[in-house]
Each structure stands twice: as structure tokens, then as C-alpha cells.
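Chemist: Take this structure first; my questions come after.
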Number of protein chains: 2
Amino acid sequence: MDDFAKKLGKNIKMMRVFKDQSQAELSFKSGLDQSYLSRVEKGTVNVTVIKLCAIAKALECELTELLPEIDKTSAL
Amino acid sequence: MDDFAKKLGKNIKMMRVFKDQSQAELSFKSGLDQSYLSRVEKGTVNVTVIKLCAIAKALECELTELLPEIDKTSAL
């Protein structure tokens, strides 16, 4: 599994939980399919920038808050 | 053409020019195919977060410096 995608997915899930949103709510707010979000959170898809912007907007946080550290990411 | 992808592509090209890098150099440094980079700069592809991180790293800039303003982006 791609290290970067896994870390990004975990950050998204942690932020969603922090904001007390269910996946269904995040799906509704972001306009993204819930099954897609589930795969993003598991790190099994490489999310596009535009979709990550929609997720950040729906979670009312900065996109950078969701990004894993670039340097410590091995598989880039 | 997707407004967000076009703005992102323009930001990447402006940064590349600012850093005096050719597309070939950016391709070599980022490990991304030059024809792919050309499409990214034209805004005809939705780049993934992990590839944008590789581009930012190759341009020695922050990923956020490349992102278009989220709010003013109509087509999200």
C-alpha cells in the first residue's frame, strides 16, 4: 500500500472524527461518493488535488492540515 | 476546461519559470513524465496529491504555494 496515500487517508479520517462528521455527512458535504471516501480513508486510492480541496472545504479545515509531512514520506 | 486544474497548472508553470527550470528538468527532478507535466501545466489533467507533492518537492517550494485559492474556485 502506498505510504503517502495511507497517511493522507488517516489524516482525513482523524479530521472527520474530530469534526464529529460521519462518512455519510462528509460525502453529502463534499459531493464525493461515500464508497470513494472510504477508499480514500483506507489509502487505497490516490486522491486528486481538486477532490482533496472538496474534502478540506467540507471538513472546514485547510488542505495543508490533511497533508502528511512531505520529507518523511518515503514512497514519493 | 476545469477552472481549478487550469489555475493549478498555471501556478505550476509560473513557479517552474520562476525557478528557471525547463519542463525536462522538472520531469527529471520530479520523476514525472514530461508529456504528463505539459498536460498538468495546461490544466487538462486532474493531478493527484502525491504527484503534486513530487512537483512541489522538485520545485523546492511548498505545495500550498501552487494551490489556487479554494473559495474563488467555482468548479469544485
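How things are named: the first chain in the C-alpha cells is A, the next is B, and so on; residues count from 1 in each chain; ligands count from 1 in the order shown.
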Report as a VMD selection string: the residues of chain B with a DSSP assignment of alpha helix (DSSP H), based on the backbone of this structure.
Modeler: chain B and resid 3 to 18 23 to 30 34 to 42 49 to 58
Chemist: Near chain B, meaning an atom within 8 Å, which residues of chain A appear when counting only C-alpha atoms? Write them as a PyMOL selection string.
Modeler: chain A and resi 4-5+46-54+57+64+70+76
Chemist: Restricting the output to N, CA, C and O atoms, write the selected residues as a PDB file, in the first residue's frame.
Modeler:
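File selection-v2.pdb, as written:
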```pdb
ATOM      1  N   PHE A   4       2.183   7.195   1.346  1.00  0.00           N
ATOM      2  CA  PHE A   4       1.638   8.559   1.332  1.00  0.00           C
ATOM      3  C   PHE A   4       0.114   8.513   1.392  1.00  0.00           C
ATOM      4  O   PHE A   4      -0.510   9.191   2.201  1.00  0.00           O
ATOM      5  N   ALA A   5      -0.491   7.692   0.550  1.00  0.00           N
ATOM      6  CA  ALA A   5      -1.957   7.623   0.476  1.00  0.00           C
ATOM      7  C   ALA A   5      -2.532   7.131   1.807  1.00  0.00           C
ATOM      8  O   ALA A   5      -3.567   7.606   2.271  1.00  0.00           O
ATOM      9  N   ASN A  46      -5.296   7.135  -4.884  1.00  0.00           N
ATOM     10  CA  ASN A  46      -4.531   8.390  -4.871  1.00  0.00           C
ATOM     11  C   ASN A  46      -5.487   9.516  -5.221  1.00  0.00           C
ATOM     12  O   ASN A  46      -5.818   9.730  -6.378  1.00  0.00           O
ATOM     13  N   VAL A  47      -5.913  10.247  -4.201  1.00  0.00           N
ATOM     14  CA  VAL A  47      -6.930  11.283  -4.397  1.00  0.00           C
ATOM     15  C   VAL A  47      -6.350  12.449  -5.199  1.00  0.00           C
ATOM     16  O   VAL A  47      -5.159  12.759  -5.074  1.00  0.00           O
ATOM     17  N   THR A  48      -7.175  13.051  -6.063  1.00  0.00           N
ATOM     18  CA  THR A  48      -6.708  14.210  -6.826  1.00  0.00           C
ATOM     19  C   THR A  48      -6.775  15.454  -5.949  1.00  0.00           C
ATOM     20  O   THR A  48      -7.495  15.501  -4.956  1.00  0.00           O
ATOM     21  N   VAL A  49      -6.015  16.479  -6.366  1.00  0.00           N
ATOM     22  CA  VAL A  49      -5.934  17.711  -5.583  1.00  0.00           C
ATOM     23  C   VAL A  49      -7.324  18.338  -5.467  1.00  0.00           C
ATOM     24  O   VAL A  49      -7.741  18.767  -4.393  1.00  0.00           O
ATOM     25  N   ILE A  50      -8.056  18.335  -6.596  1.00  0.00           N
ATOM     26  CA  ILE A  50      -9.360  19.009  -6.595  1.00  0.00           C
ATOM     27  C   ILE A  50     -10.321  18.298  -5.631  1.00  0.00           C
ATOM     28  O   ILE A  50     -11.084  18.939  -4.906  1.00  0.00           O
ATOM     29  N   LYS A  51     -10.234  16.970  -5.551  1.00  0.00           N
ATOM     30  CA  LYS A  51     -11.112  16.251  -4.617  1.00  0.00           C
ATOM     31  C   LYS A  51     -10.665  16.481  -3.169  1.00  0.00           C
ATOM     32  O   LYS A  51     -11.485  16.601  -2.264  1.00  0.00           O
ATOM     33  N   LEU A  52      -9.367  16.603  -2.960  1.00  0.00           N
ATOM     34  CA  LEU A  52      -8.896  16.869  -1.595  1.00  0.00           C
ATOM     35  C   LEU A  52      -9.343  18.268  -1.153  1.00  0.00           C
ATOM     36  O   LEU A  52      -9.672  18.483   0.010  1.00  0.00           O
ATOM     37  N   CYS A  53      -9.396  19.196  -2.128  1.00  0.00           N
ATOM     38  CA  CYS A  53      -9.892  20.550  -1.794  1.00  0.00           C
ATOM     39  C   CYS A  53     -11.363  20.458  -1.378  1.00  0.00           C
ATOM     40  O   CYS A  53     -11.773  21.100  -0.408  1.00  0.00           O
ATOM     41  N   ALA A  54     -12.145  19.615  -2.069  1.00  0.00           N
ATOM     42  CA  ALA A  54     -13.567  19.471  -1.723  1.00  0.00           C
ATOM     43  C   ALA A  54     -13.702  18.866  -0.325  1.00  0.00           C
ATOM     44  O   ALA A  54     -14.555  19.281   0.469  1.00  0.00           O
ATOM     45  N   LYS A  57     -12.699  21.496   2.256  1.00  0.00           N
ATOM     46  CA  LYS A  57     -13.770  22.508   2.368  1.00  0.00           C
ATOM     47  C   LYS A  57     -14.935  21.935   3.197  1.00  0.00           C
ATOM     48  O   LYS A  57     -15.471  22.596   4.085  1.00  0.00           O
ATOM     49  N   THR A  64      -3.712  21.898   3.888  1.00  0.00           N
ATOM     50  CA  THR A  64      -2.398  21.543   4.429  1.00  0.00           C
ATOM     51  C   THR A  64      -2.522  20.750   5.728  1.00  0.00           C
ATOM     52  O   THR A  64      -1.641  19.955   6.051  1.00  0.00           O
ATOM     53  N   ILE A  70       5.915  15.943   3.846  1.00  0.00           N
ATOM     54  CA  ILE A  70       6.482  15.528   2.549  1.00  0.00           C
ATOM     55  C   ILE A  70       7.806  14.807   2.768  1.00  0.00           C
ATOM     56  O   ILE A  70       8.041  13.731   2.273  1.00  0.00           O
ATOM     57  N   LEU A  76       7.594   8.535  -2.706  1.00  0.00           N
ATOM     58  CA  LEU A  76       7.058   9.707  -3.409  1.00  0.00           C
ATOM     59  C   LEU A  76       7.278   9.558  -4.928  1.00  0.00           C
ATOM     60  O   LEU A  76       8.286   8.967  -5.294  1.00  0.00           O
TER      61      LEU A  76
END
```
Chemist: Could you name the residues that touch Ser38 in chain B at 10 Å or less, counting only C-alpha atoms, but leaving out those on the same chain fewer than 2 positions away, as a list in words?
Modeler: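 Everything that qualifies: Gly9, Lys13, Gln23, Ala24, Ser27, Asp33, Gln34, Ser35, Tyr36, Val40, Glu41, Lys42, Gly43, Thr44 and Val45 of chain B.
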Chemist: Using the selection just defined, write its residues with N, CA and C atoms as a CSV table (one decimal), in the first residue's frame.
Modeler:
```
chain,number,residue,atom,x,y,z
B,9,GLY,N,-2.4,24.5,-13.0
B,9,GLY,CA,-1.4,24.3,-14.0
B,9,GLY,C,-0.6,25.6,-14.2
B,13,LYS,N,3.4,26.3,-13.7
B,13,LYS,CA,4.3,26.8,-14.8
B,13,LYS,C,5.0,28.1,-14.3
B,23,GLN,N,10.9,22.2,-18.6
B,23,GLN,CA,10.0,21.1,-18.3
B,23,GLN,C,10.8,19.8,-18.2
B,24,ALA,N,11.8,19.7,-19.0
B,24,ALA,CA,12.7,18.5,-19.0
B,24,ALA,C,13.3,18.3,-17.6
B,27,SER,N,10.8,17.4,-15.1
B,27,SER,CA,10.4,16.0,-15.3
B,27,SER,C,11.5,15.1,-14.7
B,33,ASP,N,6.6,12.1,-16.0
B,33,ASP,CA,6.8,12.1,-17.5
B,33,ASP,C,6.6,13.6,-18.0
B,34,GLN,N,7.4,14.0,-18.9
B,34,GLN,CA,7.4,15.4,-19.4
B,34,GLN,C,6.0,15.7,-20.1
B,35,SER,N,5.5,14.7,-20.8
B,35,SER,CA,4.2,15.0,-21.5
B,35,SER,C,3.1,15.1,-20.5
B,36,TYR,N,3.3,14.3,-19.4
B,36,TYR,CA,2.3,14.5,-18.3
B,36,TYR,C,2.3,15.9,-17.7
B,40,VAL,N,-0.4,18.8,-17.3
B,40,VAL,CA,-0.7,19.4,-16.0
B,40,VAL,C,-0.7,20.9,-16.1
B,41,GLU,N,0.4,21.4,-16.7
B,41,GLU,CA,0.5,22.9,-16.8
B,41,GLU,C,-0.6,23.5,-17.7
B,42,LYS,N,-1.1,22.7,-18.7
B,42,LYS,CA,-2.2,23.2,-19.5
B,42,LYS,C,-3.6,23.0,-18.8
B,43,GLY,N,-3.6,22.3,-17.6
B,43,GLY,CA,-4.8,22.1,-16.9
B,43,GLY,C,-5.7,21.1,-17.5
B,44,THR,N,-5.2,20.2,-18.3
B,44,THR,CA,-6.1,19.2,-18.9
B,44,THR,C,-6.1,17.9,-18.2
B,45,VAL,N,-5.4,17.8,-17.0
B,45,VAL,CA,-5.5,16.6,-16.2
B,45,VAL,C,-5.7,17.1,-14.7
```
Chemist: Between CA of Glu65 in chain A and CA of Lys29 in chain A, what is the distance in Å, rounded to a tenth?
Modeler: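 A separation of 18.2 Å between them.
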Chemist: Just give me the gap between CA of Cys61 in chain A and CA of Cys61 in chain B in Å, one decimal is fine.
Modeler: 21.4 Å
Chemist: Figure out the distance between CA of Ala58 in chain A and CA of Lys6 in chain B, please, to one decimal in Å.
Modeler: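 That distance, rounded to one decimal, is 22.1 Å.
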Chemist: Using only C-alpha atoms, pick whichever of B:Glu60, B:Ile55, B:Arg39, B:Leu66 has the shortest atom-to-atom distance to Leu26 in chain B.
Modeler: B:Ile55
